[in-house]
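S.K.: Sharing a structure with you now.
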Amino acid sequence: MLVAAVVLSFAAVLGATIGAGELLANAERPDGSTGIDRSITSWFVEHRASWLTTVARALSTIGSQKVLLPLVAVVTIVLIVRGARRQAVLLVVIWAGAIELYTLAKNVVDRPRPPMHLWLTSASSTAFPSGHATQSLSTFAALALVSAAVVSTARRPALAVAVVIAAGVGCSRVYLGVHWATDVLAGWLAAACWVALIAWLAHTRKT
């Protein structure tokens with residue numbers, strides 16, 4: 001029953017994300033942007049500075065699988081060694097589900113990225129939703145949830161840190177010119193829904 005509930009939750013979030021992408025397409029210009037996307041991107045481009053670019057690239061790296069994969073692997077091993085296997089499973093399910101979530105949504109929605117002359121970093125695949133926004137919020141929120149297995153008072157501060165980091169990662173992708181703001185917003189919303197549903201299922205199972 002739990003596995004079926006996880007699958008249904010995944011399907012619901014995926015469906016909502018794809019639906020949002022299809023609805024957004026009705027307001028898009030030929031380059032895939034909306035009016036608000038172009039305004040936000042223009043603001044970021046106008047306020048670029050060398051030190052901000054360095055910070056944005058660092059945040060983008062933190063939100064990539066170059067950092068998240070080894071981080072999840074190490075924390076998962078620590079949790080298993082400490083006997084917190086349920087928390088280890090929770091972390092892996094949220095992390096892996098987030099990756100599949102944005103990968104499938106990208107393939108269906110197929111939204112183009114901003115023009116390449118705006119890019120300050122490399123990027124691949126399509127734009128919607130932002131993979132960095134989805135996986136960073138999902139992963140760091142999951143880490144916050146399982147942190148209570150190690151330090152009982154760490155959950156709220158860890159959640160706050162997770163939100164701050166994910167916000168920085170998402171904004172960095174717009175600053176670097178490889179995502180529209182609505183790509184990032186969709187990634188955050190998808191991640192929040194995914195984490196909330198899986199956390200609720202885990203709590204229900206526990207009680």
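Residues in the structure tokens are numbered from 1 in each chain, the chains being A, B, ... in the order shown, and ligands are numbered from 1 in the order shown.
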Do you know which residues are at most 9 Å from stretch 138-155 of chain A counting only C-alpha atoms, after dropping those on the same chain fewer than 4 positions away, and could you put them as a compact mmCIF listing (two decimals) with N, CA and C atoms, in the first residue's frame?
M.R.:
# COMPACT_ATOMS: atom_id res chain seq x y z
N LEU A 68 25.03 17.00 -4.86
CA LEU A 68 23.91 16.33 -4.22
C LEU A 68 24.07 14.81 -4.18
N VAL A 72 24.04 12.88 -0.69
CA VAL A 72 22.97 11.92 -0.36
C VAL A 72 23.57 10.56 -0.04
N VAL A 75 25.21 10.69 3.53
CA VAL A 75 24.21 10.78 4.60
C VAL A 75 23.42 9.49 4.70
N LEU A 79 23.12 7.22 8.06
CA LEU A 79 21.82 6.87 8.64
C LEU A 79 21.68 5.36 8.82
N ARG A 82 23.74 4.16 11.69
CA ARG A 82 23.14 4.55 12.96
C ARG A 82 21.80 3.86 13.22
N ALA A 84 19.08 4.15 11.40
CA ALA A 84 17.94 4.95 10.96
C ALA A 84 17.61 4.60 9.50
N GLN A 87 14.69 6.57 7.76
CA GLN A 87 15.08 7.90 7.31
C GLN A 87 15.95 7.83 6.06
N ALA A 88 16.79 6.80 5.99
CA ALA A 88 17.63 6.63 4.80
C ALA A 88 16.77 6.39 3.56
N LEU A 90 13.65 7.30 3.20
CA LEU A 90 12.94 8.56 2.95
C LEU A 90 13.80 9.50 2.12
N LEU A 91 15.05 9.66 2.51
CA LEU A 91 15.97 10.55 1.80
C LEU A 91 16.16 10.11 0.36
N VAL A 92 16.41 8.84 0.14
CA VAL A 92 16.67 8.34 -1.21
C VAL A 92 15.43 8.45 -2.08
N ILE A 94 12.92 10.61 -1.84
CA ILE A 94 12.67 12.01 -2.20
C ILE A 94 13.69 12.49 -3.23
N TRP A 95 14.95 12.19 -3.00
CA TRP A 95 16.01 12.62 -3.93
C TRP A 95 15.82 12.02 -5.32
N ALA A 96 15.66 10.70 -5.39
CA ALA A 96 15.52 10.02 -6.68
C ALA A 96 14.22 10.41 -7.37
N GLY A 97 13.15 10.54 -6.58
CA GLY A 97 11.87 10.92 -7.16
C GLY A 97 11.92 12.30 -7.78
N ALA A 98 12.63 13.22 -7.13
CA ALA A 98 12.74 14.58 -7.66
C ALA A 98 13.44 14.58 -9.02
N ALA A 133 16.40 23.71 -9.36
CA ALA A 133 15.45 24.16 -8.35
C ALA A 133 14.72 22.97 -7.73
N THR A 134 14.32 22.02 -8.56
CA THR A 134 13.57 20.87 -8.07
C THR A 134 14.42 19.99 -7.17
N LEU A 159 15.44 23.00 8.09
CA LEU A 159 14.47 23.36 7.05
C LEU A 159 14.67 24.79 6.58
N ALA A 160 14.95 25.68 7.53
CA ALA A 160 15.20 27.08 7.17
C ALA A 160 16.42 27.19 6.27
N VAL A 161 17.48 26.48 6.61
CA VAL A 161 18.69 26.48 5.80
C VAL A 161 18.40 25.89 4.41
N ALA A 162 17.60 24.83 4.37
CA ALA A 162 17.26 24.19 3.10
C ALA A 162 16.54 25.17 2.18
N VAL A 163 15.62 25.92 2.73
CA VAL A 163 14.86 26.89 1.92
C VAL A 163 15.78 28.00 1.41
N ILE A 165 19.07 27.87 0.90
CA ILE A 165 19.97 27.34 -0.13
C ILE A 165 19.23 27.13 -1.43
N ALA A 166 18.04 26.52 -1.37
CA ALA A 166 17.26 26.27 -2.58
C ALA A 166 16.87 27.57 -3.27
N TRP A 188 10.40 24.72 -7.78
CA TRP A 188 10.18 24.86 -6.33
C TRP A 188 8.83 24.28 -5.91
N ALA A 190 6.94 22.04 -7.49
CA ALA A 190 6.93 20.59 -7.66
C ALA A 190 7.68 19.91 -6.51
N ALA A 191 8.83 20.48 -6.15
CA ALA A 191 9.62 19.91 -5.06
C ALA A 191 8.88 19.99 -3.73
N ALA A 192 8.26 21.13 -3.47
CA ALA A 192 7.53 21.31 -2.21
C ALA A 192 6.39 20.30 -2.09
N TRP A 194 6.11 17.40 -3.69
CA TRP A 194 6.68 16.05 -3.62
C TRP A 194 7.18 15.74 -2.21
N VAL A 195 7.94 16.64 -1.64
CA VAL A 195 8.47 16.42 -0.29
C VAL A 195 7.34 16.34 0.73
N ALA A 199 6.70 13.05 2.94
CA ALA A 199 6.85 13.21 4.38
C ALA A 199 5.55 12.83 5.09
S.K.: Find the residues near A:Asp183: any atom within 12 Å, counting only C-alpha atoms, skip ones fewer than 5 places away on the same chain, and give them as number ranges by chain.
M.R.: A: 17-18, 20-21, 24-25, 32-34, 36-37, 41, 102, 105-106, 109-114, 126-134, 170-171, 173-174, 177-178, 188-190
S.K.: Can you work out which one of A:Glu46, A:Ile198, A:Leu59, A:Gly15 has the shortest atom-to-atom distance to A:Leu104, counting only C-alpha atoms?
M.R.: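 For A:Leu104, the nearest of the candidates is A:Gly15.
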S.K.: Give the answer as one residue: which of A:Ser124, A:Val3, A:Val67, A:His47 has the shortest atom-to-atom distance to A:His179, using only C-alpha atoms?
M.R.: A:Ser124
S.K.: I need the helix (DSSP H, G or I) residues of chain A per DSSP on the backbone, written as a PyMOL selection string.
M.R.: chain A and resi 2-25+35-46+50-62+65-81+85-109+116-118+131-149+155-175+181-206
S.K.: In Å to one decimal, how far is atom CA of A:Leu120 from atom CA of A:Leu52?
M.R.: 11.5 Å
